[in-house]
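Engineer: Take a look at the following structure, please.
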Amino acid sequence: MASPSPSMERRSEIVFEVHPPILRVLLNYRVVAIWHRVAGDEDTTGGEVDHGVGSVEGEGFARLESDEYDLQEDETENDHPVEGKRYAGMESDENDFQEDDTEHDRHAEADVDNGDAVELEDGLDGAGGMSENYAKDEFYAVDSGESIGWIDFLNLSAEDVLRCNFADVDIAFEFYQQYAKHHGFGARRSRSEKRGEVRIRQEFVCHRQGFRSPKFYSMPNWKKRPRAETRCGCPARMLLRMDDESGRWHVAFFSDAHNHHVLELRFSSMLPGHRRMSEADIEQMNDMRKGGIGVSRIHDFMASLAGGYHNVPYTTRDMHNVNAKQRREGGLDAEPCLRYLRECKANDPALYYKEVVDGEGVLQHLFWCDGTSQIDYQVFGDVVAFDATYKKNVYLSPLVVFSGVNHHNQTVVFAAALVADEKEETYVWLLQQLQTSTKGKAPVSIITDGDRQMKSAIEQVFPEAHHRLCAWHLLRNATSNIGKPKFTRIFRDCMLGDYEVRTFQRKWFEMVEKFGVADKRWV
């Protein structure tokens, strides 16, 4: 067999036996080919192998087809007949490759000179460890997320990982995350080292690396059950080192030895570190939510498109988190809400609403009361109950509802409001808006949960009104102050029963005497 030409011999560093593609590279500013896996150290065909990665003679070339390389319009095809095969993609510009070789040698010397600064663990064996040909290997350049998308992680060996270099730490972490996802574990950033203000080393580890801090085992007055322990001291990790001359990040150490079971690929996507929504899925979700479709239904739809729930790399909780993040960042619902109220006022002239906007134009408080609610208040507004929820609505803001009961003992809503906080001045503003919307009528009694800010606001706006606790809080206080379930049951009957005054008094004193609680100040 004829020997390869000098130019072919230099270009043989990117021609290997046909294996699954690893990544696409940029050589001499032209996309040349798809990198293939490095051939073994021994040439089984009897040819010579130069481990630069190395030039290869023998049947290794005979396995390459001419359509494996996409040539650019400024490249030339060089035919090299080797056992009847033709090879495309071999450039004739020898000077470019001489410069590449020189640059490679320069990186190799820098790596060797700085190698003693890297602290490695000698106890890790198996697939990981420092590459023996670390200073001689032709590194795989990973410069973007697009390059990562070309990598076949399932067939990527530890030796291949050790040959990689990255443009920056973020790309390297994305690479390690994808590797972890395809091999059944999660990834997270760990220790780093700086020289002045410049970071020179970074370590990525398995999500089960390390152990839970001992302080969490001895915390006094533990209020809720601790989470399941996931840390088990897993030794799998990847250590990166920045090359001072080129500024690129090289893999100085890699170990894929885990001390725990790893997941299958279809399950690993549900690990917290791998759960994420793509931009396309977020846009699809936003469009469907505008149509009034709930998040759980949207998740079902995404699963039907993907061929099953195991193919959807996120849960409904992740979708709710994305919605909350959008509201925090953009205030997406404020303007549509005000526009809706303006449209409603055109149909209901009696509708009253008032908003408060801060200096940056962000909506802080919003109060509204329609015409029907105002009529109900004039008839049934002698007793008003109001309370604030705990940010459990889709706006992540306290929702205040003013309500009462009609002559059928049915709940009626007098007004509602969304507020940014639960401060005293906020409640004063709300009660003033209630007073304005109801033509100045003051309630006889106001029922709350006993909040101090509410109590102070009521005294300022409605000083003649009686401030009382709601039934639920009274029952809770009966339980906490007396501690007798039978007493609480009879107390509830007295409080909620429809009795005449004399009948109520008789039942009340019988209850107090029966349980011997006459000396209790609360009773």
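By order in the structure tokens, chains are A, B, ...; within a chain, residues start at 1; ligands start at 1, following the order shown.
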Leaving out stretch 256-260 of chain A and any residue of its chain fewer than 4 positions from it, which residues lie within 12 Å of it when counting only C-alpha atoms, given as a VMD selection string?
Structural biologist: chain A and resid 123 to 129 156 to 159 161 to 162 176 179 to 180 183 to 187 204 to 210 230 to 239
Engineer: Any chance you can output those residues with N, CA and C atoms as an mmCIF file, in the first residue's frame?
Structural biologist:
data_model
loop_
_atom_site.group_PDB
_atom_site.id
_atom_site.type_symbol
_atom_site.label_atom_id
_atom_site.label_comp_id
_atom_site.auth_asym_id
_atom_site.auth_seq_id
_atom_site.Cartn_x
_atom_site.Cartn_y
_atom_site.Cartn_z
ATOM 1 N N GLY A 123 -6.294 7.938 45.557
ATOM 2 C CA GLY A 123 -7.068 6.768 45.942
ATOM 3 C C GLY A 123 -8.137 6.382 44.953
ATOM 4 N N LEU A 124 -8.416 7.218 43.932
ATOM 5 C CA LEU A 124 -9.459 6.905 42.965
ATOM 6 C C LEU A 124 -8.898 6.029 41.872
ATOM 7 N N ASP A 125 -9.570 4.925 41.627
ATOM 8 C CA ASP A 125 -9.128 4.048 40.552
ATOM 9 C C ASP A 125 -10.292 3.827 39.616
ATOM 10 N N GLY A 126 -10.179 2.891 38.739
ATOM 11 C CA GLY A 126 -11.246 2.591 37.797
ATOM 12 C C GLY A 126 -11.060 3.374 36.525
ATOM 13 N N ALA A 127 -12.156 4.010 36.057
ATOM 14 C CA ALA A 127 -12.121 4.689 34.777
ATOM 15 C C ALA A 127 -11.488 6.058 34.858
ATOM 16 N N GLY A 128 -11.380 6.634 36.043
ATOM 17 C CA GLY A 128 -10.915 8.008 36.141
ATOM 18 C C GLY A 128 -9.424 8.076 36.317
ATOM 19 N N GLY A 129 -8.928 9.333 36.430
ATOM 20 C CA GLY A 129 -7.524 9.548 36.681
ATOM 21 C C GLY A 129 -6.901 10.451 35.653
ATOM 22 N N LEU A 156 -19.244 8.009 25.234
ATOM 23 C CA LEU A 156 -18.066 8.815 25.548
ATOM 24 C C LEU A 156 -17.286 8.155 26.678
ATOM 25 N N SER A 157 -16.027 7.887 26.458
ATOM 26 C CA SER A 157 -15.202 7.224 27.473
ATOM 27 C C SER A 157 -14.501 8.263 28.346
ATOM 28 N N ALA A 158 -13.934 7.799 29.453
ATOM 29 C CA ALA A 158 -13.194 8.691 30.341
ATOM 30 C C ALA A 158 -11.978 9.273 29.646
ATOM 31 N N GLU A 159 -11.326 8.477 28.754
ATOM 32 C CA GLU A 159 -10.166 8.982 28.009
ATOM 33 C C GLU A 159 -10.561 10.142 27.103
ATOM 34 N N VAL A 161 -13.034 12.251 27.659
ATOM 35 C CA VAL A 161 -13.296 13.411 28.505
ATOM 36 C C VAL A 161 -11.999 14.107 28.882
ATOM 37 N N LEU A 162 -10.965 13.333 29.155
ATOM 38 C CA LEU A 162 -9.686 13.923 29.543
ATOM 39 C C LEU A 162 -9.028 14.697 28.409
ATOM 40 N N TYR A 176 -20.566 18.833 31.543
ATOM 41 C CA TYR A 176 -20.607 17.840 32.615
ATOM 42 C C TYR A 176 -22.040 17.512 33.014
ATOM 43 N N TYR A 179 -23.264 15.087 30.452
ATOM 44 C CA TYR A 179 -22.642 13.787 30.720
ATOM 45 C C TYR A 179 -23.338 13.104 31.902
ATOM 46 N N ALA A 180 -23.590 13.863 32.961
ATOM 47 C CA ALA A 180 -24.248 13.302 34.148
ATOM 48 C C ALA A 180 -25.663 12.828 33.818
ATOM 49 N N HIS A 183 -25.614 9.552 32.092
ATOM 50 C CA HIS A 183 -25.064 8.457 32.875
ATOM 51 C C HIS A 183 -25.773 8.285 34.214
ATOM 52 N N GLY A 184 -26.923 8.931 34.392
ATOM 53 C CA GLY A 184 -27.787 8.612 35.515
ATOM 54 C C GLY A 184 -27.484 9.285 36.835
ATOM 55 N N PHE A 185 -26.873 10.470 36.847
ATOM 56 C CA PHE A 185 -26.660 11.176 38.106
ATOM 57 C C PHE A 185 -26.755 12.678 37.853
ATOM 58 N N GLY A 186 -26.776 13.452 38.926
ATOM 59 C CA GLY A 186 -26.837 14.899 38.820
ATOM 60 C C GLY A 186 -25.466 15.511 39.016
ATOM 61 N N ALA A 187 -25.324 16.769 38.654
ATOM 62 C CA ALA A 187 -24.040 17.458 38.753
ATOM 63 C C ALA A 187 -24.228 18.792 39.450
ATOM 64 N N PHE A 204 -16.213 20.088 39.471
ATOM 65 C CA PHE A 204 -17.599 19.661 39.362
ATOM 66 C C PHE A 204 -17.726 18.281 39.987
ATOM 67 N N VAL A 205 -18.817 18.056 40.724
ATOM 68 C CA VAL A 205 -18.966 16.805 41.456
ATOM 69 C C VAL A 205 -20.352 16.224 41.212
ATOM 70 N N CYS A 206 -20.512 14.976 41.620
ATOM 71 C CA CYS A 206 -21.812 14.312 41.601
ATOM 72 C C CYS A 206 -22.718 14.972 42.643
ATOM 73 N N HIS A 207 -24.037 14.961 42.373
ATOM 74 C CA HIS A 207 -24.954 15.622 43.296
ATOM 75 C C HIS A 207 -25.027 14.930 44.647
ATOM 76 N N ARG A 208 -24.481 13.715 44.768
ATOM 77 C CA ARG A 208 -24.476 13.006 46.044
ATOM 78 C C ARG A 208 -23.105 13.061 46.716
ATOM 79 N N GLN A 209 -22.240 13.959 46.270
ATOM 80 C CA GLN A 209 -20.928 14.129 46.882
ATOM 81 C C GLN A 209 -21.082 14.753 48.260
ATOM 82 N N GLY A 210 -20.186 14.415 49.191
ATOM 83 C CA GLY A 210 -20.196 14.988 50.519
ATOM 84 C C GLY A 210 -21.245 14.359 51.428
ATOM 85 N N THR A 230 -29.655 12.520 50.950
ATOM 86 C CA THR A 230 -29.208 12.112 49.616
ATOM 87 C C THR A 230 -27.693 12.068 49.483
ATOM 88 N N ARG A 231 -26.976 12.744 50.337
ATOM 89 C CA ARG A 231 -25.507 12.770 50.232
ATOM 90 C C ARG A 231 -24.918 11.471 50.785
ATOM 91 N N CYS A 232 -24.007 10.891 50.041
ATOM 92 C CA CYS A 232 -23.366 9.648 50.485
ATOM 93 C C CYS A 232 -21.860 9.669 50.238
ATOM 94 N N GLY A 233 -21.271 10.841 50.018
ATOM 95 C CA GLY A 233 -19.824 10.927 49.820
ATOM 96 C C GLY A 233 -19.355 10.363 48.503
ATOM 97 N N CYS A 234 -20.122 10.538 47.437
ATOM 98 C CA CYS A 234 -19.748 9.987 46.131
ATOM 99 C C CYS A 234 -18.452 10.634 45.646
ATOM 100 N N PRO A 235 -17.474 9.833 45.190
ATOM 101 C CA PRO A 235 -16.174 10.398 44.781
ATOM 102 C C PRO A 235 -16.128 10.855 43.330
ATOM 103 N N ALA A 236 -17.177 10.656 42.530
ATOM 104 C CA ALA A 236 -17.132 11.031 41.115
ATOM 105 C C ALA A 236 -16.985 12.542 40.980
ATOM 106 N N ARG A 237 -16.078 12.967 40.108
ATOM 107 C CA ARG A 237 -15.851 14.400 39.947
ATOM 108 C C ARG A 237 -15.049 14.676 38.688
ATOM 109 N N MET A 238 -15.017 15.942 38.303
ATOM 110 C CA MET A 238 -14.202 16.393 37.183
ATOM 111 C C MET A 238 -13.516 17.681 37.597
ATOM 112 N N LEU A 239 -12.198 17.713 37.472
ATOM 113 C CA LEU A 239 -11.404 18.875 37.859
ATOM 114 C C LEU A 239 -10.902 19.580 36.615
#
Engineer: Can you check which residues of stretch 150-333 of chain A DSSP gives as strand (DSSP E or B) on the backbone and send them as a VMD selection string?
Structural biologist: chain A and resid 164 to 166 187 to 195 198 to 206 237 to 242 249 to 255
Engineer: Extract the full set of alpha helix (DSSP H) residues from stretch 216-403 of chain A according to DSSP on the backbone, and format it as a PyMOL selection string.
Structural biologist: chain A and resi 265-268+279-290+295-306+316-330+334-347+371-380
Engineer: Could you check how far atom CA of A:Asp243 sits from atom CA of A:Ile200, in Å to one decimal?
Structural biologist: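 Atom-to-atom, atom CA of A:Asp243 to atom CA of A:Ile200, that is 8.0 Å.
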Engineer: Quick one: residues within 7 Å of A:Val428, only C-alpha atoms, excluding same-chain residues fewer than 3 positions away - as a ChimeraX atom specification?
Structural biologist: /A:424-425,431-432,457,461
Engineer: Keeping all heavy atoms, export the residues of the selection given above as a tab-separated table (two decimals), in the first residue's frame.
Structural biologist:
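Ended up saving to part-v8.tsv:
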chain	number	residue	atom	x	y	z
A	424	GLU	N	-49.78	48.14	58.53
A	424	GLU	CA	-50.92	48.88	59.06
A	424	GLU	C	-51.42	49.93	58.07
A	424	GLU	O	-52.63	50.08	57.87
A	424	GLU	CB	-50.50	49.57	60.38
A	424	GLU	CG	-51.60	50.40	61.01
A	424	GLU	CD	-51.15	51.05	62.30
A	424	GLU	OE1	-50.23	50.51	62.95
A	424	GLU	OE2	-51.71	52.12	62.65
A	425	GLU	N	-50.50	50.65	57.42
A	425	GLU	CA	-50.93	51.68	56.47
A	425	GLU	C	-51.65	51.07	55.27
A	425	GLU	O	-52.54	51.70	54.68
A	425	GLU	CB	-49.74	52.51	56.01
A	425	GLU	CG	-48.57	51.71	55.47
A	425	GLU	CD	-47.53	51.39	56.52
A	425	GLU	OE1	-47.90	51.34	57.72
A	425	GLU	OE2	-46.36	51.21	56.16
A	431	LEU	N	-59.47	49.96	54.16
A	431	LEU	CA	-60.71	50.32	54.83
A	431	LEU	C	-61.24	51.66	54.33
A	431	LEU	O	-62.46	51.87	54.24
A	431	LEU	CB	-60.50	50.35	56.34
A	431	LEU	CG	-60.21	48.99	56.98
A	431	LEU	CD1	-59.89	49.16	58.46
A	431	LEU	CD2	-61.38	48.03	56.80
A	432	GLN	N	-60.34	52.59	54.00
A	432	GLN	CA	-60.78	53.86	53.43
A	432	GLN	C	-61.43	53.66	52.07
A	432	GLN	O	-62.43	54.31	51.74
A	432	GLN	CB	-59.59	54.81	53.31
A	432	GLN	CG	-59.07	55.32	54.65
A	432	GLN	CD	-57.80	56.14	54.51
A	432	GLN	OE1	-57.14	56.11	53.46
A	432	GLN	NE2	-57.45	56.86	55.57
A	457	ALA	N	-55.85	49.52	62.36
A	457	ALA	CA	-56.46	50.18	61.20
A	457	ALA	C	-57.96	50.38	61.41
A	457	ALA	O	-58.52	51.43	61.03
A	457	ALA	CB	-56.19	49.37	59.94
A	461	VAL	N	-60.14	54.00	61.15
A	461	VAL	CA	-61.12	54.28	60.09
A	461	VAL	C	-62.54	54.13	60.59
A	461	VAL	O	-63.42	54.96	60.28
A	461	VAL	CB	-60.87	53.35	58.88
A	461	VAL	CG1	-61.87	53.66	57.76
A	461	VAL	CG2	-59.45	53.51	58.38
Engineer: Extract, using only C-alpha atoms, all DNA, RNA and protein residues at most 12 Å from A:Asp370, discarding same-chain residues fewer than 6 positions from it, and format them as a list in words.
Structural biologist: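 Surrounding residues, per the criterion: Leu341, Arg342, Cys344, Lys345, Ala346, Asn347, Asp348, Pro349, Ala350, Leu351, Tyr352, Tyr353, Lys354, Asp376, Tyr377, Val413, Phe414, Ala415, Ala416, Leu434, Ser437 and Thr438 of chain A.
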Engineer: Find the spatial neighbours of A:Ser445, counting only C-alpha atoms, within a cut-off of 6 Å - ignore same-chain residues fewer than 6 positions away - and output them as an mmCIF file with all heavy atoms, in the first residue's frame.
Structural biologist:
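Below you can see around_4.cif, which holds the result:
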data_model
loop_
_atom_site.group_PDB
_atom_site.id
_atom_site.type_symbol
_atom_site.label_atom_id
_atom_site.label_comp_id
_atom_site.auth_asym_id
_atom_site.auth_seq_id
_atom_site.Cartn_x
_atom_site.Cartn_y
_atom_site.Cartn_z
ATOM 1 N N VAL A 383 -72.380 43.532 59.542
ATOM 2 C CA VAL A 383 -71.281 42.694 60.035
ATOM 3 C C VAL A 383 -70.376 42.350 58.841
ATOM 4 O O VAL A 383 -70.829 41.752 57.864
ATOM 5 C CB VAL A 383 -71.811 41.402 60.688
ATOM 6 C CG1 VAL A 383 -70.638 40.534 61.157
ATOM 7 C CG2 VAL A 383 -72.737 41.723 61.843
ATOM 8 N N ALA A 465 -66.987 50.919 65.385
ATOM 9 C CA ALA A 465 -67.294 49.515 65.082
ATOM 10 C C ALA A 465 -66.705 48.606 66.163
ATOM 11 O O ALA A 465 -65.682 48.915 66.795
ATOM 12 C CB ALA A 465 -66.730 49.134 63.713
ATOM 13 N N HIS A 466 -67.402 47.485 66.412
ATOM 14 C CA HIS A 466 -66.912 46.484 67.361
ATOM 15 C C HIS A 466 -65.986 45.519 66.620
ATOM 16 O O HIS A 466 -66.345 44.977 65.576
ATOM 17 C CB HIS A 466 -68.085 45.717 67.974
ATOM 18 C CG HIS A 466 -69.047 46.583 68.705
ATOM 19 N ND1 HIS A 466 -68.768 47.109 69.946
ATOM 20 C CD2 HIS A 466 -70.286 47.022 68.372
ATOM 21 C CE1 HIS A 466 -69.790 47.840 70.354
ATOM 22 N NE2 HIS A 466 -70.740 47.801 69.416
ATOM 23 N N HIS A 467 -64.809 45.314 67.190
ATOM 24 C CA HIS A 467 -63.832 44.393 66.579
ATOM 25 C C HIS A 467 -63.937 43.039 67.273
ATOM 26 O O HIS A 467 -63.726 42.936 68.480
ATOM 27 C CB HIS A 467 -62.428 44.968 66.715
ATOM 28 C CG HIS A 467 -61.377 44.110 66.074
ATOM 29 N ND1 HIS A 467 -60.067 44.111 66.477
ATOM 30 C CD2 HIS A 467 -61.443 43.225 65.049
ATOM 31 C CE1 HIS A 467 -59.372 43.258 65.745
ATOM 32 N NE2 HIS A 467 -60.189 42.710 64.873
#
Engineer: Choose the residue, out of A:Leu366, A:Val262, A:Met302, A:Leu154, that has the smallest atom-to-atom separation from A:Gln433; count only C-alpha atoms.
Structural biologist: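 The closest residue to A:Gln433 is A:Leu366.
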Engineer: Excluding A:Leu474 and any residue of its chain fewer than 5 positions from it, enumerate the residues within 10 Å of it, using only C-alpha atoms, and give them as a short mmCIF file (atom, residue, chain, number, x, y, z; two decimals) with all heavy atoms, in the first residue's frame.
Structural biologist:
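Heads up, here's the output in out04.cif:
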data_model
loop_
_atom_site.label_atom_id
_atom_site.label_comp_id
_atom_site.auth_asym_id
_atom_site.auth_seq_id
_atom_site.Cartn_x
_atom_site.Cartn_y
_atom_site.Cartn_z
N ASP A 449 -59.07 38.00 62.26
CA ASP A 449 -58.35 36.93 62.96
C ASP A 449 -57.56 37.46 64.15
O ASP A 449 -56.74 36.75 64.72
CB ASP A 449 -57.42 36.20 62.00
CG ASP A 449 -56.35 37.12 61.42
OD1 ASP A 449 -56.41 38.34 61.66
OD2 ASP A 449 -55.45 36.60 60.71
N ARG A 468 -64.28 41.99 66.52
CA ARG A 468 -64.48 40.67 67.09
C ARG A 468 -63.66 39.64 66.32
O ARG A 468 -63.27 39.85 65.16
CB ARG A 468 -65.95 40.28 67.04
CG ARG A 468 -66.86 41.18 67.86
CD ARG A 468 -66.63 40.96 69.35
NE ARG A 468 -67.54 41.78 70.16
CZ ARG A 468 -67.20 42.94 70.69
NH1 ARG A 468 -65.99 43.45 70.48
NH2 ARG A 468 -68.06 43.62 71.43
N LEU A 469 -63.44 38.50 67.00
CA LEU A 469 -62.75 37.39 66.34
C LEU A 469 -63.74 36.54 65.57
O LEU A 469 -64.92 36.45 65.94
CB LEU A 469 -62.03 36.52 67.38
CG LEU A 469 -60.79 37.11 68.04
CD1 LEU A 469 -60.26 36.14 69.09
CD2 LEU A 469 -59.70 37.42 67.02
N THR A 479 -59.93 25.63 72.41
CA THR A 479 -59.11 24.41 72.52
C THR A 479 -57.81 24.68 73.24
O THR A 479 -57.37 23.89 74.10
CB THR A 479 -58.84 23.85 71.12
OG1 THR A 479 -60.08 23.60 70.45
CG2 THR A 479 -58.04 22.57 71.19
N SER A 480 -57.14 25.79 72.92
CA SER A 480 -55.84 26.08 73.52
C SER A 480 -55.95 26.54 74.98
O SER A 480 -55.06 26.26 75.79
CB SER A 480 -55.11 27.15 72.69
OG SER A 480 -55.88 28.35 72.66
N THR A 488 -65.16 22.15 74.03
CA THR A 488 -65.13 22.83 72.73
C THR A 488 -66.36 22.51 71.92
O THR A 488 -66.91 23.38 71.22
CB THR A 488 -63.86 22.42 71.96
OG1 THR A 488 -62.70 22.72 72.75
CG2 THR A 488 -63.76 23.15 70.64
N PHE A 491 -69.22 24.44 73.45
CA PHE A 491 -68.95 25.85 73.18
C PHE A 491 -69.34 26.20 71.74
O PHE A 491 -69.93 27.25 71.48
CB PHE A 491 -67.47 26.14 73.44
CG PHE A 491 -67.05 27.53 73.12
CD1 PHE A 491 -67.25 28.56 74.03
CD2 PHE A 491 -66.45 27.84 71.90
CE1 PHE A 491 -66.86 29.86 73.73
CE2 PHE A 491 -66.06 29.12 71.59
CZ PHE A 491 -66.27 30.14 72.52
N ARG A 492 -69.02 25.31 70.84
CA ARG A 492 -69.37 25.53 69.43
C ARG A 492 -70.90 25.56 69.26
O ARG A 492 -71.42 26.40 68.51
CB ARG A 492 -68.76 24.42 68.58
CG ARG A 492 -69.16 24.46 67.11
CD ARG A 492 -68.66 23.22 66.39
NE ARG A 492 -69.10 23.23 65.02
CZ ARG A 492 -68.44 23.78 63.99
NH1 ARG A 492 -67.28 24.38 64.23
NH2 ARG A 492 -68.91 23.74 62.76
N MET A 495 -72.16 28.90 70.49
CA MET A 495 -71.75 30.03 69.67
C MET A 495 -72.51 30.08 68.35
O MET A 495 -72.92 31.15 67.88
CB MET A 495 -70.24 29.94 69.40
CG MET A 495 -69.69 31.07 68.54
SD MET A 495 -67.91 30.99 68.37
CE MET A 495 -67.71 29.40 67.58
#
Engineer: What does the structure give for the distance between atom CA of A:Asp168 and atom CA of A:Arg276, in Å to one decimal?
Structural biologist: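 Atom-to-atom, atom CA of A:Asp168 and atom CA of A:Arg276 are spaced 22.0 Å apart.
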Engineer: One decimal, in Å: what's the spacing between atom CA of A:Ser213 and atom CA of A:Arg188?
Structural biologist: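 If I compute the distance from atom CA of A:Ser213 to atom CA of A:Arg188, I get 17.3 Å.
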Engineer: Which residue, A:Glu174, A:Glu229, A:Glu513, A:Asp300, has the smallest gap to A:Thr316 when you use only C-alpha atoms?
Structural biologist: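 Closest to A:Thr316, using only C-alpha atoms: A:Asp300.
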